[in-house]
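Structure first, then comments.
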Amino acid sequence: MPGAPATEAGSRRHDRLDDWPVAEQVESLWEGQLAAVAAIGPALAAIAGAVEAALPRLRDGGRLAYAGAGSSGRLAAQDGAELEPTFDWPRDRLVLLVAGGPRALVEAVENAEDDADAAIAEIVVAGIGPQDVLIGVAASGGTTFTLASVREAGRRGALTIGLANSAGAPLLAASAHPILLATGAEAIAGSTRMRAGTAQKVALNLLSTAMMTGLGRVHAGRMVDMQARNAKLRRRAVAMVAELAGCDAEAAAAALAATGQRVKPAILVALGLPAEAAAAALAASGGSLRRALALLGPDPAKLASAGCNP
C-alpha cells in the first residue's frame, strides 16, 4: 500500500502466522511486544521535552486533556482516568475527548473517527485554552478526529503533544511536541492494538507519571497523593506515613485521621506539626513534600511551636 502509514503495512515475516503452531504464534507476538517497548528509546528526549513544557501550565492550574479514537482513544482515556485515584489529579482538570463519546470506550462507533466537526465542537465546549495541555494519540497519525482536536487546541493556545506510530504523520506536524513511536508493521496488518498500542501505553505512562512527579505528587518513589478509597490503600497509606515519618503504625493512623486521610500532610503531622501548619507548609511549597521538609528544616515540630511560617 504505497503511501500508507507504517502501521497498515503487512509483515512478510507473518504471512503464515495463522498456519504456525500456537507456541510459535505466541512467541512471535511476544517478540513484537518487546520491539514495541524498545521503540520508546529513541523517543525519550521528545517525551522529556513535552513534560518539561507542560509542567508550567499545569502548575498554574491548567488542565490535562487527551484526544483519540478507537484503540488509541481508549488507551488515552485509561491513562487519564487513573490520574485521580493514583495522584489525586482533580477531576475538573481532566478532559477526555474520545471519538464517539463514552460509548466508544466499550464498543466501536461507526465513522466517529472521521468527524472533524465533532472534535472541534468538543474542544470548544471544553473551553480548551492557553493554560491547558492536550495529548493527541493516533497510531496512523492521520485520524481525522484526533488531528482536528490537536489543531483546534493549538489554535486556541493550548500546548499540544502528539503521539503517532508513523513517521511523517500529519499529527506529528500539527503538534508542538511531536513524539514518534516507530513500531513499524504489525504481525496482523493494521491491528494497532498490538505493537502500536503497547508503545502508546508506555509513552502515556511516562508522560503522565513524569508530569505528576514534577507537580510534587510523588515523593521518594511513593504515591503520596493517592486516594485511600479501600482497605488495601488505607493500609498502604499507614505504611507510607510510618516509613517516611519514622513512626509506628498507630501514630501514622492518628496522623492520617487528623488530615482527612491525606498522606503528605499526615507525614508532617507525624513529625510533630499541627494539621493546619502541615497544610500551610505544603501550600507554601507548591504541594511538594520534599520542599516542605526542606523549608521546615531538621525539626519541624520545633519550628512550628516557635511560630515559623514557611
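In the C-alpha cells, chains take letters A, B, ... by order of appearance, with residues numbered from 1 within each chain and ligands from 1 in the order shown.
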Based on the backbone DSSP call, show me all residues of stretch 63-299 of chain A assigned strand (DSSP E or B), as a CSV table (one decimal) with N, CA and C atoms, in the first residue's frame.
chain,number,residue,atom,x,y,z
A,64,LEU,N,-5.3,18.9,31.9
A,64,LEU,CA,-4.6,17.9,31.1
A,64,LEU,C,-5.7,17.2,30.3
A,65,ALA,N,-5.6,17.3,29.0
A,65,ALA,CA,-6.7,16.7,28.1
A,65,ALA,C,-6.0,15.7,27.2
A,66,TYR,N,-6.9,14.7,26.8
A,66,TYR,CA,-6.5,13.6,26.0
A,66,TYR,C,-7.5,13.5,24.8
A,67,ALA,N,-7.0,13.2,23.6
A,67,ALA,CA,-7.8,13.1,22.5
A,67,ALA,C,-7.4,11.9,21.6
A,68,GLY,N,-8.4,11.1,21.2
A,68,GLY,CA,-8.1,9.9,20.4
A,68,GLY,C,-9.3,9.2,19.9
A,94,LEU,N,-9.3,17.4,34.2
A,94,LEU,CA,-9.1,16.3,33.3
A,94,LEU,C,-10.1,16.4,32.2
A,95,VAL,N,-9.7,16.3,30.9
A,95,VAL,CA,-10.6,16.4,29.8
A,95,VAL,C,-10.3,15.1,28.9
A,96,LEU,N,-11.3,14.3,28.7
A,96,LEU,CA,-11.2,13.1,27.9
A,96,LEU,C,-12.0,13.3,26.6
A,97,LEU,N,-11.4,13.4,25.5
A,97,LEU,CA,-12.1,13.5,24.2
A,97,LEU,C,-11.9,12.3,23.4
A,98,VAL,N,-12.9,11.4,23.3
A,98,VAL,CA,-12.8,10.2,22.6
A,98,VAL,C,-13.9,10.2,21.5
A,133,VAL,N,-3.1,21.6,28.4
A,133,VAL,CA,-2.2,20.7,27.7
A,133,VAL,C,-3.0,19.6,27.1
A,134,LEU,N,-2.9,19.3,25.8
A,134,LEU,CA,-3.7,18.3,25.2
A,134,LEU,C,-2.7,17.3,24.5
A,135,ILE,N,-3.0,16.0,24.8
A,135,ILE,CA,-2.2,14.9,24.3
A,135,ILE,C,-3.1,14.2,23.2
A,136,GLY,N,-2.7,14.2,22.0
A,136,GLY,CA,-3.4,13.5,20.9
A,136,GLY,C,-2.7,12.2,20.6
A,137,VAL,N,-3.5,11.1,20.5
A,137,VAL,CA,-2.9,9.8,20.2
A,137,VAL,C,-3.5,9.2,19.0
A,138,ALA,N,-2.7,8.8,18.0
A,138,ALA,CA,-3.2,8.1,16.8
A,138,ALA,C,-2.1,7.3,16.2
A,159,LEU,N,-1.0,23.9,24.8
A,159,LEU,CA,0.2,23.1,24.4
A,159,LEU,C,-0.2,21.8,23.9
A,160,THR,N,0.2,21.4,22.7
A,160,THR,CA,-0.2,20.1,22.1
A,160,THR,C,0.9,19.2,22.0
A,161,ILE,N,0.6,17.9,22.4
A,161,ILE,CA,1.6,16.8,22.3
A,161,ILE,C,1.0,15.7,21.4
A,162,GLY,N,1.7,15.3,20.5
A,162,GLY,CA,1.1,14.2,19.5
A,162,GLY,C,1.9,13.0,19.6
A,163,LEU,N,1.2,11.9,19.8
A,163,LEU,CA,1.8,10.5,19.8
A,163,LEU,C,1.4,9.8,18.5
A,164,ALA,N,2.3,9.4,17.6
A,164,ALA,CA,1.9,8.7,16.4
A,164,ALA,C,3.0,7.6,16.2
A,177,HIS,N,4.7,19.4,20.3
A,177,HIS,CA,5.7,18.4,20.8
A,177,HIS,C,5.3,17.1,20.2
A,178,PRO,N,5.9,16.8,19.0
A,178,PRO,CA,5.6,15.5,18.3
A,178,PRO,C,6.5,14.4,18.9
A,179,ILE,N,5.9,13.2,19.1
A,179,ILE,CA,6.6,12.1,19.6
A,179,ILE,C,6.3,10.9,18.7
A,180,LEU,N,7.3,10.5,18.0
A,180,LEU,CA,7.2,9.4,17.1
A,180,LEU,C,7.6,8.1,17.8
A,219,HIS,N,6.7,11.3,46.0
A,219,HIS,CA,7.8,11.6,47.0
A,219,HIS,C,8.5,10.3,47.3
A,222,ARG,N,7.0,7.1,46.1
A,222,ARG,CA,5.8,6.7,46.8
A,222,ARG,C,4.6,7.6,46.2
*Near A:Arg195, within 7 Å and counting only C-alpha atoms, which residues show up once chain neighbours fewer than 4 positions away are dropped, as an NGL selection string?*
:A and (32-33 or 36 or 183 or 186 or 199)
*Write out as a PyMOL selection string all residues of stretch 57-218 of chain A that DSSP puts in helix (DSSP H, G or I) for this structure's backbone.*
chain A and resi 57-59+70-81+83-87+91-93+102-105+112-114+116-126+144-155+170-174+195-214
Could you turn the residues from that selection into a file that holds C-alpha atoms, as a PDB file, in the first residue's frame?
ATOM      1  CA  ARG A  57       0.963  25.308  32.559  1.00  0.00           C
ATOM      2  CA  LEU A  58      -0.194  22.533  34.852  1.00  0.00           C
ATOM      3  CA  ARG A  59       1.386  24.239  37.872  1.00  0.00           C
ATOM      4  CA  GLY A  70     -10.610   3.642  18.649  1.00  0.00           C
ATOM      5  CA  SER A  71      -7.866   1.735  20.468  1.00  0.00           C
ATOM      6  CA  SER A  72      -5.735   4.863  20.791  1.00  0.00           C
ATOM      7  CA  GLY A  73      -8.619   6.781  22.339  1.00  0.00           C
ATOM      8  CA  ARG A  74      -9.310   4.003  24.821  1.00  0.00           C
ATOM      9  CA  LEU A  75      -5.663   3.898  25.887  1.00  0.00           C
ATOM     10  CA  ALA A  76      -5.610   7.680  26.280  1.00  0.00           C
ATOM     11  CA  ALA A  77      -8.808   7.641  28.342  1.00  0.00           C
ATOM     12  CA  GLN A  78      -7.451   4.860  30.550  1.00  0.00           C
ATOM     13  CA  ASP A  79      -4.306   6.834  31.272  1.00  0.00           C
ATOM     14  CA  GLY A  80      -6.311   9.913  32.186  1.00  0.00           C
ATOM     15  CA  ALA A  81      -8.806   8.002  34.321  1.00  0.00           C
ATOM     16  CA  LEU A  83      -4.662  10.042  37.472  1.00  0.00           C
ATOM     17  CA  GLU A  84      -7.285  10.912  40.073  1.00  0.00           C
ATOM     18  CA  PRO A  85      -7.010   7.811  42.311  1.00  0.00           C
ATOM     19  CA  THR A  86      -3.237   7.481  41.879  1.00  0.00           C
ATOM     20  CA  PHE A  87      -2.145  11.112  42.098  1.00  0.00           C
ATOM     21  CA  ARG A  91     -11.412  15.549  38.051  1.00  0.00           C
ATOM     22  CA  ASP A  92     -12.306  19.048  36.860  1.00  0.00           C
ATOM     23  CA  ARG A  93      -8.787  19.420  35.470  1.00  0.00           C
ATOM     24  CA  PRO A 102     -18.219   7.413  26.298  1.00  0.00           C
ATOM     25  CA  ARG A 103     -19.950   4.621  24.342  1.00  0.00           C
ATOM     26  CA  ALA A 104     -16.819   4.271  22.220  1.00  0.00           C
ATOM     27  CA  LEU A 105     -14.870   3.085  25.266  1.00  0.00           C
ATOM     28  CA  ALA A 112     -16.796   8.713  14.676  1.00  0.00           C
ATOM     29  CA  GLU A 113     -13.072   8.899  13.978  1.00  0.00           C
ATOM     30  CA  ASP A 114     -13.787  10.744  10.712  1.00  0.00           C
ATOM     31  CA  ALA A 116     -13.640  16.696  12.478  1.00  0.00           C
ATOM     32  CA  ASP A 117     -16.622  18.900  13.328  1.00  0.00           C
ATOM     33  CA  ALA A 118     -17.371  16.827  16.424  1.00  0.00           C
ATOM     34  CA  ALA A 119     -13.759  17.137  17.555  1.00  0.00           C
ATOM     35  CA  ILE A 120     -13.748  20.906  17.149  1.00  0.00           C
ATOM     36  CA  ALA A 121     -17.083  21.177  18.936  1.00  0.00           C
ATOM     37  CA  GLU A 122     -15.778  19.185  21.892  1.00  0.00           C
ATOM     38  CA  ILE A 123     -12.700  21.398  22.162  1.00  0.00           C
ATOM     39  CA  VAL A 124     -14.956  24.468  22.141  1.00  0.00           C
ATOM     40  CA  VAL A 125     -17.380  23.054  24.722  1.00  0.00           C
ATOM     41  CA  ALA A 126     -14.486  22.048  26.987  1.00  0.00           C
ATOM     42  CA  THR A 144      -9.384  12.968  11.460  1.00  0.00           C
ATOM     43  CA  PHE A 145     -10.941  13.356  14.927  1.00  0.00           C
ATOM     44  CA  THR A 146      -7.587  13.391  16.707  1.00  0.00           C
ATOM     45  CA  LEU A 147      -5.917  15.640  14.174  1.00  0.00           C
ATOM     46  CA  ALA A 148      -8.778  18.156  14.325  1.00  0.00           C
ATOM     47  CA  SER A 149      -8.658  18.107  18.134  1.00  0.00           C
ATOM     48  CA  VAL A 150      -4.950  18.883  18.200  1.00  0.00           C
ATOM     49  CA  ARG A 151      -5.180  21.585  15.542  1.00  0.00           C
ATOM     50  CA  GLU A 152      -8.091  23.346  17.242  1.00  0.00           C
ATOM     51  CA  ALA A 153      -6.475  23.097  20.683  1.00  0.00           C
ATOM     52  CA  GLY A 154      -3.256  24.538  19.283  1.00  0.00           C
ATOM     53  CA  ARG A 155      -5.171  27.334  17.563  1.00  0.00           C
ATOM     54  CA  PRO A 170       0.108  14.868   9.986  1.00  0.00           C
ATOM     55  CA  LEU A 171      -0.449  14.605  13.754  1.00  0.00           C
ATOM     56  CA  LEU A 172       3.271  14.987  14.362  1.00  0.00           C
ATOM     57  CA  ALA A 173       3.421  18.060  12.132  1.00  0.00           C
ATOM     58  CA  ALA A 174       0.402  19.594  13.868  1.00  0.00           C
ATOM     59  CA  ARG A 195       2.794  -3.079  18.771  1.00  0.00           C
ATOM     60  CA  ALA A 196       1.486   0.448  18.321  1.00  0.00           C
ATOM     61  CA  GLY A 197      -0.881   0.205  21.273  1.00  0.00           C
ATOM     62  CA  THR A 198       1.789  -1.164  23.586  1.00  0.00           C
ATOM     63  CA  ALA A 199       4.173   1.650  22.680  1.00  0.00           C
ATOM     64  CA  GLN A 200       1.407   4.221  23.134  1.00  0.00           C
ATOM     65  CA  LYS A 201       0.572   2.865  26.578  1.00  0.00           C
ATOM     66  CA  VAL A 202       4.217   3.004  27.657  1.00  0.00           C
ATOM     67  CA  ALA A 203       4.635   6.543  26.327  1.00  0.00           C
ATOM     68  CA  LEU A 204       1.438   7.698  28.047  1.00  0.00           C
ATOM     69  CA  ASN A 205       2.642   6.120  31.293  1.00  0.00           C
ATOM     70  CA  LEU A 206       5.915   8.014  31.014  1.00  0.00           C
ATOM     71  CA  LEU A 207       4.291  11.327  30.128  1.00  0.00           C
ATOM     72  CA  SER A 208       1.643  11.383  32.838  1.00  0.00           C
ATOM     73  CA  THR A 209       3.815   9.882  35.576  1.00  0.00           C
ATOM     74  CA  ALA A 210       6.634  12.353  34.931  1.00  0.00           C
ATOM     75  CA  MET A 211       4.125  15.200  34.902  1.00  0.00           C
ATOM     76  CA  MET A 212       2.626  14.135  38.215  1.00  0.00           C
ATOM     77  CA  THR A 213       6.092  13.684  39.710  1.00  0.00           C
ATOM     78  CA  GLY A 214       7.071  17.156  38.556  1.00  0.00           C
TER      79      GLY A 214
END
*Compile the contact shell of stretch 260-277 of chain A as a PyMOL selection string: residues with an atom at most 6 Å away, counting only C-alpha atoms, same-chain residues fewer than 2 positions apart removed.*
chain A and resi 224+241+245+255-258+279-280+301
*Contacts of A:Pro42 within 10 Å, only C-alpha atoms, excl. fewer than 3 positions in-chain, as a PyMOL selection string*: chain A and resi 38-39+45-47+179-182
How would the residues just chosen look if you wrote them out with C-alpha atoms as a PDB file, in the first residue's frame?
ATOM      1  CA  ALA A  38      12.274  -0.825  22.534  1.00  0.00           C
ATOM      2  CA  ALA A  39      10.775   1.729  20.122  1.00  0.00           C
ATOM      3  CA  ALA A  45      14.150  13.009  24.638  1.00  0.00           C
ATOM      4  CA  ALA A  46      10.908  14.125  22.979  1.00  0.00           C
ATOM      5  CA  ILE A  47       8.866  12.739  25.876  1.00  0.00           C
ATOM      6  CA  ILE A 179       6.562  12.078  19.634  1.00  0.00           C
ATOM      7  CA  LEU A 180       7.213   9.363  17.060  1.00  0.00           C
ATOM      8  CA  LEU A 181       6.891   5.774  18.283  1.00  0.00           C
ATOM      9  CA  ALA A 182       8.292   3.912  15.283  1.00  0.00           C
TER      10      ALA A 182
END
*Which residues come within 6 Å of A:Ser140, counting only C-alpha atoms, excluding same-chain residues fewer than 2 positions away, as an MDAnalysis selection string?*
chainID A and resid 5 138 142 166
With C-alpha atoms retained, could you export that selection as a PDB file, in the first residue's frame?
ATOM      1  CA  PRO A   5       1.012   4.523   7.317  1.00  0.00           C
ATOM      2  CA  ALA A 138      -3.237   8.120  16.820  1.00  0.00           C
ATOM      3  CA  GLY A 142      -3.811  10.820  10.417  1.00  0.00           C
ATOM      4  CA  SER A 166       4.111   6.515  11.596  1.00  0.00           C
TER       5      SER A 166
END
*Skip A:Asp88 itself and residues of its chain fewer than 5 positions away, then list as a PyMOL selection string all residues within 7 Å of it, counting only C-alpha atoms.*
chain A and resi 83+225-227
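Across the structure, atom CA of A:Ile128 and atom CA of A:Glu82 are spaced 20.9 Å apart.
Across the model, the gap from atom CA of A:Leu295 to atom CA of A:Ala54 is 25.8 Å.
Comparing A:Gly221, A:Asp19, A:Ala35, A:Ala189 by their smallest distance to A:Thr7, the closest is A:Ala189 (using only C-alpha atoms).
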*Surrounding residues of A:Ser28 excluding itself and chain neighbours under 3 positions, 10 Å, only C-alpha atoms, as number ranges by chain*: A: 13-14, 17, 22-25, 31-34, 187
Saved selection, atoms kept: C-alpha atoms, as a compact mmCIF listing (two decimals), in the first residue's frame:
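Output contents, as saved in part29.txt:
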# COMPACT_ATOMS: atom_id res chain seq x y z
CA ARG A 13 7.53 -12.47 8.32
CA HIS A 14 3.99 -13.17 9.48
CA LEU A 17 1.11 -16.67 11.12
CA VAL A 22 0.27 -21.81 18.75
CA ALA A 23 3.54 -21.76 20.66
CA GLU A 24 5.30 -20.14 17.68
CA GLN A 25 2.49 -17.64 17.23
CA GLU A 31 8.78 -10.58 20.40
CA GLY A 32 6.69 -7.86 18.76
CA GLN A 33 5.74 -6.53 22.18
CA LEU A 34 9.39 -6.36 23.19
CA ALA A 187 2.02 -9.00 12.85
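Atom CA of A:Ala108 lies 26.3 Å from atom CA of A:Val26.
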